[in-house]
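Structure file start12.pdb (PDB, C-alpha atoms) is printed below.
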ATOM      1  CA  MET A   1       0.000   0.000   0.000  1.00  0.00           C
ATOM      2  CA  ASN A   2       3.005   2.271   0.082  1.00  0.00           C
ATOM      3  CA  GLY A   3       2.504   3.096  -3.603  1.00  0.00           C
ATOM      4  CA  TRP A   4      -0.796   4.772  -2.754  1.00  0.00           C
ATOM      5  CA  ILE A   5       0.851   6.859  -0.102  1.00  0.00           C
ATOM      6  CA  PHE A   6       3.593   8.027  -2.471  1.00  0.00           C
ATOM      7  CA  ALA A   7       1.100   8.886  -5.223  1.00  0.00           C
ATOM      8  CA  VAL A   8      -1.274  10.777  -2.917  1.00  0.00           C
ATOM      9  CA  ASP A   9       1.383  12.542  -0.820  1.00  0.00           C
ATOM     10  CA  GLN A  10       2.520  14.475  -3.891  1.00  0.00           C
ATOM     11  CA  LEU A  11      -0.828  16.280  -4.148  1.00  0.00           C
ATOM     12  CA  PRO A  12      -0.646  19.825  -2.746  1.00  0.00           C
ATOM     13  CA  GLU A  13      -4.076  19.473  -1.079  1.00  0.00           C
ATOM     14  CA  VAL A  14      -3.035  16.413   0.950  1.00  0.00           C
ATOM     15  CA  ARG A  15      -1.036  16.890   4.134  1.00  0.00           C
ATOM     16  CA  ASP A  16      -0.873  13.207   5.075  1.00  0.00           C
ATOM     17  CA  CYS A  17      -2.547   9.897   4.273  1.00  0.00           C
ATOM     18  CA  LEU A  18      -2.877   6.329   5.441  1.00  0.00           C
ATOM     19  CA  CYS A  19      -4.218   3.277   3.606  1.00  0.00           C
ATOM     20  CA  VAL A  20      -5.401   0.096   5.357  1.00  0.00           C
ATOM     21  CA  SER A  21      -7.476  -2.982   4.627  1.00  0.00           C
ATOM     22  CA  GLN A  22     -10.979  -3.573   5.893  1.00  0.00           C
ATOM     23  CA  TYR A  23     -12.582  -7.015   5.912  1.00  0.00           C
ATOM     24  CA  ASN A  24     -16.210  -8.084   5.890  1.00  0.00           C
ATOM     25  CA  LYS A  25     -17.689 -11.159   7.554  1.00  0.00           C
ATOM     26  CA  ASP A  26     -16.710 -13.290   4.524  1.00  0.00           C
ATOM     27  CA  LEU A  27     -13.136 -11.959   4.785  1.00  0.00           C
ATOM     28  CA  ASP A  28     -13.445 -10.055   1.521  1.00  0.00           C
ATOM     29  CA  GLU A  29     -10.956  -7.193   1.585  1.00  0.00           C
ATOM     30  CA  ARG A  30     -11.267  -3.581   0.521  1.00  0.00           C
ATOM     31  CA  ALA A  31      -8.758  -0.762   0.655  1.00  0.00           C
ATOM     32  CA  VAL A  32      -9.605   2.307   2.721  1.00  0.00           C
ATOM     33  CA  LEU A  33      -7.561   5.456   2.159  1.00  0.00           C
ATOM     34  CA  PHE A  34      -7.684   8.164   4.818  1.00  0.00           C
ATOM     35  CA  VAL A  35      -6.481  11.610   3.776  1.00  0.00           C
ATOM     36  CA  LYS A  36      -5.652  14.573   5.976  1.00  0.00           C
ATOM     37  CA  ILE A  37      -6.264  17.780   4.056  1.00  0.00           C
ATOM     38  CA  ARG A  38      -3.915  20.774   4.157  1.00  0.00           C
ATOM     39  CA  GLU A  39      -5.241  23.982   5.669  1.00  0.00           C
ATOM     40  CA  GLY A  40      -6.863  26.143   3.002  1.00  0.00           C
ATOM     41  CA  HIS A  41      -8.122  23.139   1.012  1.00  0.00           C
ATOM     42  CA  SER A  42     -11.270  21.064   1.352  1.00  0.00           C
ATOM     43  CA  PHE A  43     -12.276  17.457   0.909  1.00  0.00           C
ATOM     44  CA  SER A  44     -14.507  17.567  -2.159  1.00  0.00           C
ATOM     45  CA  ILE A  45     -15.682  15.541  -5.144  1.00  0.00           C
ATOM     46  CA  GLN A  46     -13.040  17.347  -7.206  1.00  0.00           C
ATOM     47  CA  LEU A  47     -10.298  16.286  -4.799  1.00  0.00           C
ATOM     48  CA  LEU A  48     -11.602  12.707  -4.701  1.00  0.00           C
ATOM     49  CA  ASN A  49     -11.459  12.590  -8.491  1.00  0.00           C
ATOM     50  CA  LYS A  50      -7.962  14.086  -8.467  1.00  0.00           C
ATOM     51  CA  ILE A  51      -6.801  11.446  -5.956  1.00  0.00           C
ATOM     52  CA  ARG A  52      -8.299   8.650  -8.075  1.00  0.00           C
ATOM     53  CA  GLU A  53      -6.764  10.043 -11.269  1.00  0.00           C
ATOM     54  CA  THR A  54      -3.349  10.426  -9.641  1.00  0.00           C
ATOM     55  CA  ILE A  55      -3.367   6.853  -8.340  1.00  0.00           C
ATOM     56  CA  ALA A  56      -4.487   5.514 -11.738  1.00  0.00           C
ATOM     57  CA  LYS A  57      -1.724   7.489 -13.468  1.00  0.00           C
ATOM     58  CA  GLU A  58       1.088   6.741 -10.987  1.00  0.00           C
ATOM     59  CA  LEU A  59       0.092   3.106 -10.373  1.00  0.00           C
ATOM     60  CA  THR A  60      -2.891   1.502 -12.147  1.00  0.00           C
ATOM     61  CA  ILE A  61      -6.666   1.804 -12.087  1.00  0.00           C
ATOM     62  CA  GLU A  62      -6.749  -1.412 -10.003  1.00  0.00           C
ATOM     63  CA  HIS A  63      -4.872   0.429  -7.225  1.00  0.00           C
ATOM     64  CA  ILE A  64      -7.631   2.989  -6.671  1.00  0.00           C
ATOM     65  CA  PRO A  65      -8.911   2.412  -3.105  1.00  0.00           C
ATOM     66  CA  ASP A  66     -12.478   1.243  -2.645  1.00  0.00           C
ATOM     67  CA  VAL A  67     -13.132   3.944  -0.048  1.00  0.00           C
ATOM     68  CA  ILE A  68     -11.461   7.343   0.333  1.00  0.00           C
ATOM     69  CA  LEU A  69     -12.286   9.295   3.488  1.00  0.00           C
ATOM     70  CA  GLU A  70     -11.119  12.474   5.146  1.00  0.00           C
ATOM     71  CA  THR A  71      -9.497  12.288   8.564  1.00  0.00           C
ATOM     72  CA  LYS A  72      -8.422  15.105  10.846  1.00  0.00           C
ATOM     73  CA  ASP A  73      -5.283  13.307  12.052  1.00  0.00           C
ATOM     74  CA  ILE A  74      -3.145  10.211  11.541  1.00  0.00           C
ATOM     75  CA  PRO A  75      -1.597   8.272  14.437  1.00  0.00           C
ATOM     76  CA  TYR A  76       2.198   8.118  14.766  1.00  0.00           C
ATOM     77  CA  ASN A  77       4.594   6.391  17.145  1.00  0.00           C
ATOM     78  CA  MET A  78       7.615   7.921  18.906  1.00  0.00           C
ATOM     79  CA  ASN A  79       9.858   7.101  15.924  1.00  0.00           C
ATOM     80  CA  GLY A  80       7.655   9.066  13.533  1.00  0.00           C
ATOM     81  CA  LYS A  81       6.141   5.971  11.890  1.00  0.00           C
ATOM     82  CA  LYS A  82       2.497   5.927  10.850  1.00  0.00           C
ATOM     83  CA  MET A  83       0.477   3.447  12.892  1.00  0.00           C
ATOM     84  CA  GLU A  84      -1.327   1.570  10.102  1.00  0.00           C
ATOM     85  CA  ILE A  85      -1.794  -1.608  12.119  1.00  0.00           C
ATOM     86  CA  ILE A  86      -3.730   0.039  14.934  1.00  0.00           C
ATOM     87  CA  VAL A  87      -6.019   1.829  12.447  1.00  0.00           C
ATOM     88  CA  LYS A  88      -6.587  -1.469  10.633  1.00  0.00           C
ATOM     89  CA  LYS A  89      -7.495  -3.127  13.944  1.00  0.00           C
ATOM     90  CA  ILE A  90      -9.840  -0.293  14.912  1.00  0.00           C
ATOM     91  CA  ILE A  91     -11.818  -0.293  11.656  1.00  0.00           C
ATOM     92  CA  ASN A  92     -11.993  -4.103  11.724  1.00  0.00           C
ATOM     93  CA  LYS A  93     -13.080  -4.087  15.383  1.00  0.00           C
ATOM     94  CA  ILE A  94     -10.082  -6.137  16.534  1.00  0.00           C
ATOM     95  CA  PRO A  95      -8.703  -5.678  20.073  1.00  0.00           C
ATOM     96  CA  HIS A  96      -5.681  -3.384  20.158  1.00  0.00           C
ATOM     97  CA  THR A  97      -3.368  -1.490  22.456  1.00  0.00           C
ATOM     98  CA  THR A  98      -2.646   2.208  22.186  1.00  0.00           C
ATOM     99  CA  GLU A  99       0.505   2.684  24.259  1.00  0.00           C
ATOM    100  CA  ALA A 100       2.810   3.219  21.224  1.00  0.00           C
ATOM    101  CA  VAL A 101       0.704   6.058  19.793  1.00  0.00           C
ATOM    102  CA  ILE A 102       2.077   9.514  20.633  1.00  0.00           C
ATOM    103  CA  ASN A 103      -0.990  11.436  19.400  1.00  0.00           C
ATOM    104  CA  LEU A 104      -3.653   9.283  21.049  1.00  0.00           C
ATOM    105  CA  GLU A 105      -6.507  11.700  20.246  1.00  0.00           C
ATOM    106  CA  SER A 106      -5.967  10.896  16.547  1.00  0.00           C
ATOM    107  CA  LEU A 107      -7.456   7.437  17.093  1.00  0.00           C
ATOM    108  CA  ASP A 108     -10.880   8.976  17.791  1.00  0.00           C
ATOM    109  CA  TYR A 109     -11.275   9.615  14.049  1.00  0.00           C
ATOM    110  CA  TYR A 110     -11.230   5.893  13.221  1.00  0.00           C
ATOM    111  CA  TYR A 111     -13.835   4.479  15.611  1.00  0.00           C
ATOM    112  CA  ASN A 112     -17.354   3.968  14.253  1.00  0.00           C
ATOM    113  CA  VAL A 113     -16.825   5.734  10.925  1.00  0.00           C
ATOM    114  CA  PRO A 114     -20.325   5.645   9.343  1.00  0.00           C
ATOM    115  CA  GLU A 115     -19.041   4.872   5.837  1.00  0.00           C
ATOM    116  CA  LEU A 116     -17.198   1.835   7.167  1.00  0.00           C
ATOM    117  CA  GLN A 117     -20.164   0.365   9.055  1.00  0.00           C
ATOM    118  CA  LEU A 118     -22.035  -0.589   5.890  1.00  0.00           C
ATOM    119  CA  PRO A 119     -21.585  -4.094   4.538  1.00  0.00           C
ATOM    120  CA  PHE A 120     -19.571  -4.391   1.333  1.00  0.00           C
TER     121      PHE A 120
END

How does the structure come out when it is put into structure tokens?
Amino acid sequence: MNGWIFAVDQLPEVRDCLCVSQYNKDLDERAVLFVKIREGHSFSIQLLNKIRETIAKELTIEHIPDVILETKDIPYNMNGKKMEIIVKKIINKIPHTTEAVINLESLDYYYNVPELQLPF
């Protein structure tokens, strides 16, 4: 999923992003891309289309995530690494620990996201 991050990080509207897998009850997988928008920009249909077009151009159309959502923050650990695994566990309702996260309040944006509660 690092290719997505590289493709999306180059967009001037995007401050940060994180892509993780979500699974349904049949263990079908879908990619969920969370984007943190730079101040002065907004999360819009135009930006969604730009993100999709950039990913298709830089990677392939098959790499376009199934779901693209805005987030206000992305969790990091003390070494400056994005905490993909904890976000993946949260959206898949798997038990997790939070002690490695330095910006704990960022996790609030990943619990009970309405768009991720629907079956796929």

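Checking A:Pro114, A:Ile102, A:Cys19, A:Lys88 one by one against Ala31 of chain A, counting all atoms listed in the file, you find the shortest gap at A:Cys19.
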
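In this model, the gap between atom CA of Glu99 of chain A and atom CA of Met78 of chain A comes to 10.3 Å.
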
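Counting only C-alpha atoms and comparing A:Ile74, A:Val32, A:Ile85, A:Leu11, the residue that lies closest to Glu105 of chain A is A:Ile74.
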
Pick out the residues sitting within 12 Å of Leu27 of chain A, and hand them over as a PDB file with C-alpha atoms, keeping the file's coordinate frame; count all atoms listed in the file, and ignore anything fewer than 3 positions along from it in its own chain.
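Just written: selection.pdb:
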ATOM      1  CA  SER A  21      -7.476  -2.982   4.627  1.00  0.00           C
ATOM      2  CA  GLN A  22     -10.979  -3.573   5.893  1.00  0.00           C
ATOM      3  CA  TYR A  23     -12.582  -7.015   5.912  1.00  0.00           C
ATOM      4  CA  ASN A  24     -16.210  -8.084   5.890  1.00  0.00           C
ATOM      5  CA  ARG A  30     -11.267  -3.581   0.521  1.00  0.00           C
ATOM      6  CA  ASN A  92     -11.993  -4.103  11.724  1.00  0.00           C
ATOM      7  CA  PRO A 119     -21.585  -4.094   4.538  1.00  0.00           C
ATOM      8  CA  PHE A 120     -19.571  -4.391   1.333  1.00  0.00           C
TER       9      PHE A 120
END

Translate the PyMOL selection byres ((chain A and resi 39) around 10) into a concrete residue list for this structure, as number ranges by chain. A: 13-15, 36-38, 40-42

Determine, counting all atoms listed in the file, which protein, DNA and RNA residues have an atom within 10 Å of an atom of Lys82 of chain A; residues of the same chain fewer than 6 positions away are not included. Present the result as a list in words. Asp16, Cys17, Leu18, Ile74, Pro75, Tyr76 and Val101 of chain A

Name every residue that the PyMOL selection byres ((chain A and resi 45-61) around 10) selects in this structure, writing the answer as a ChimeraX atom specification with chains first and numbers rising. /A:3-11,13-14,35,37,41-44,62-65,68-70

Quick one: segment 76-87 of chain A with all heavy atoms, as a compact mmCIF listing (two decimals), keeping the file's coordinate frame?
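Resulting contents of rebuild.txt:
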# COMPACT_ATOMS: atom_id res chain seq x y z
N TYR A 76 0.77 8.37 14.92
CA TYR A 76 2.20 8.12 14.77
C TYR A 76 2.76 7.56 16.06
O TYR A 76 2.21 7.81 17.13
CB TYR A 76 2.95 9.42 14.44
CG TYR A 76 2.85 9.82 12.99
CD1 TYR A 76 1.76 10.54 12.52
CD2 TYR A 76 3.85 9.47 12.08
CE1 TYR A 76 1.68 10.91 11.18
CE2 TYR A 76 3.77 9.83 10.75
CZ TYR A 76 2.69 10.55 10.31
OH TYR A 76 2.61 10.91 8.98
N ASN A 77 3.90 6.84 15.95
CA ASN A 77 4.59 6.39 17.14
C ASN A 77 5.77 7.34 17.44
O ASN A 77 5.98 8.30 16.71
CB ASN A 77 5.05 4.93 17.02
CG ASN A 77 6.15 4.72 16.00
OD1 ASN A 77 6.80 5.65 15.52
ND2 ASN A 77 6.36 3.47 15.63
N MET A 78 6.52 7.04 18.47
CA MET A 78 7.62 7.92 18.91
C MET A 78 8.72 8.05 17.86
O MET A 78 9.47 9.01 17.85
CB MET A 78 8.19 7.43 20.24
CG MET A 78 7.22 7.61 21.38
SD MET A 78 7.71 6.88 22.95
CE MET A 78 9.39 7.37 23.12
N ASN A 79 8.83 7.07 16.97
CA ASN A 79 9.86 7.10 15.92
C ASN A 79 9.39 7.81 14.67
O ASN A 79 10.11 7.82 13.67
CB ASN A 79 10.30 5.67 15.58
CG ASN A 79 10.97 4.99 16.74
OD1 ASN A 79 11.69 5.62 17.50
ND2 ASN A 79 10.72 3.71 16.90
N GLY A 80 8.17 8.36 14.69
CA GLY A 80 7.66 9.07 13.53
C GLY A 80 7.05 8.16 12.47
O GLY A 80 6.84 8.58 11.34
N LYS A 81 6.74 6.91 12.82
CA LYS A 81 6.14 5.97 11.89
C LYS A 81 4.62 6.00 12.01
O LYS A 81 4.08 6.03 13.11
CB LYS A 81 6.65 4.55 12.17
CG LYS A 81 6.12 3.53 11.18
CD LYS A 81 6.55 2.13 11.58
CE LYS A 81 6.04 1.06 10.64
NZ LYS A 81 4.64 1.10 10.34
N LYS A 82 3.95 6.00 10.85
CA LYS A 82 2.50 5.93 10.85
C LYS A 82 2.07 4.59 11.44
O LYS A 82 2.69 3.56 11.21
CB LYS A 82 1.95 6.03 9.42
CG LYS A 82 2.19 7.38 8.79
CD LYS A 82 1.66 7.41 7.38
CE LYS A 82 2.14 8.67 6.69
NZ LYS A 82 1.58 8.82 5.34
N MET A 83 0.97 4.63 12.19
CA MET A 83 0.48 3.45 12.89
C MET A 83 -0.65 2.78 12.11
O MET A 83 -1.81 2.74 12.55
CB MET A 83 0.03 3.84 14.30
CG MET A 83 1.09 4.50 15.15
SD MET A 83 2.40 3.38 15.65
CE MET A 83 1.52 2.25 16.68
N GLU A 84 -0.33 2.21 10.94
CA GLU A 84 -1.33 1.57 10.10
C GLU A 84 -2.02 0.40 10.81
O GLU A 84 -3.23 0.23 10.69
CB GLU A 84 -0.71 1.04 8.80
CG GLU A 84 -0.23 2.10 7.86
CD GLU A 84 1.28 2.32 7.94
OE1 GLU A 84 1.90 1.92 8.96
OE2 GLU A 84 1.83 2.90 7.00
N ILE A 85 -1.24 -0.39 11.52
CA ILE A 85 -1.79 -1.61 12.12
C ILE A 85 -2.89 -1.29 13.12
O ILE A 85 -3.93 -1.94 13.13
CB ILE A 85 -0.68 -2.47 12.74
CG1 ILE A 85 0.21 -3.01 11.62
CG2 ILE A 85 -1.25 -3.61 13.57
CD1 ILE A 85 1.45 -3.74 12.08
N ILE A 86 -2.69 -0.28 13.95
CA ILE A 86 -3.73 0.04 14.93
C ILE A 86 -4.99 0.56 14.25
O ILE A 86 -6.11 0.23 14.64
CB ILE A 86 -3.22 1.00 16.03
CG1 ILE A 86 -4.21 0.98 17.21
CG2 ILE A 86 -3.01 2.39 15.51
CD1 ILE A 86 -3.66 1.59 18.46
N VAL A 87 -4.85 1.34 13.18
CA VAL A 87 -6.02 1.83 12.45
C VAL A 87 -6.75 0.65 11.81
O VAL A 87 -7.97 0.56 11.86
CB VAL A 87 -5.63 2.89 11.40
CG1 VAL A 87 -6.80 3.22 10.49
CG2 VAL A 87 -5.10 4.14 12.08
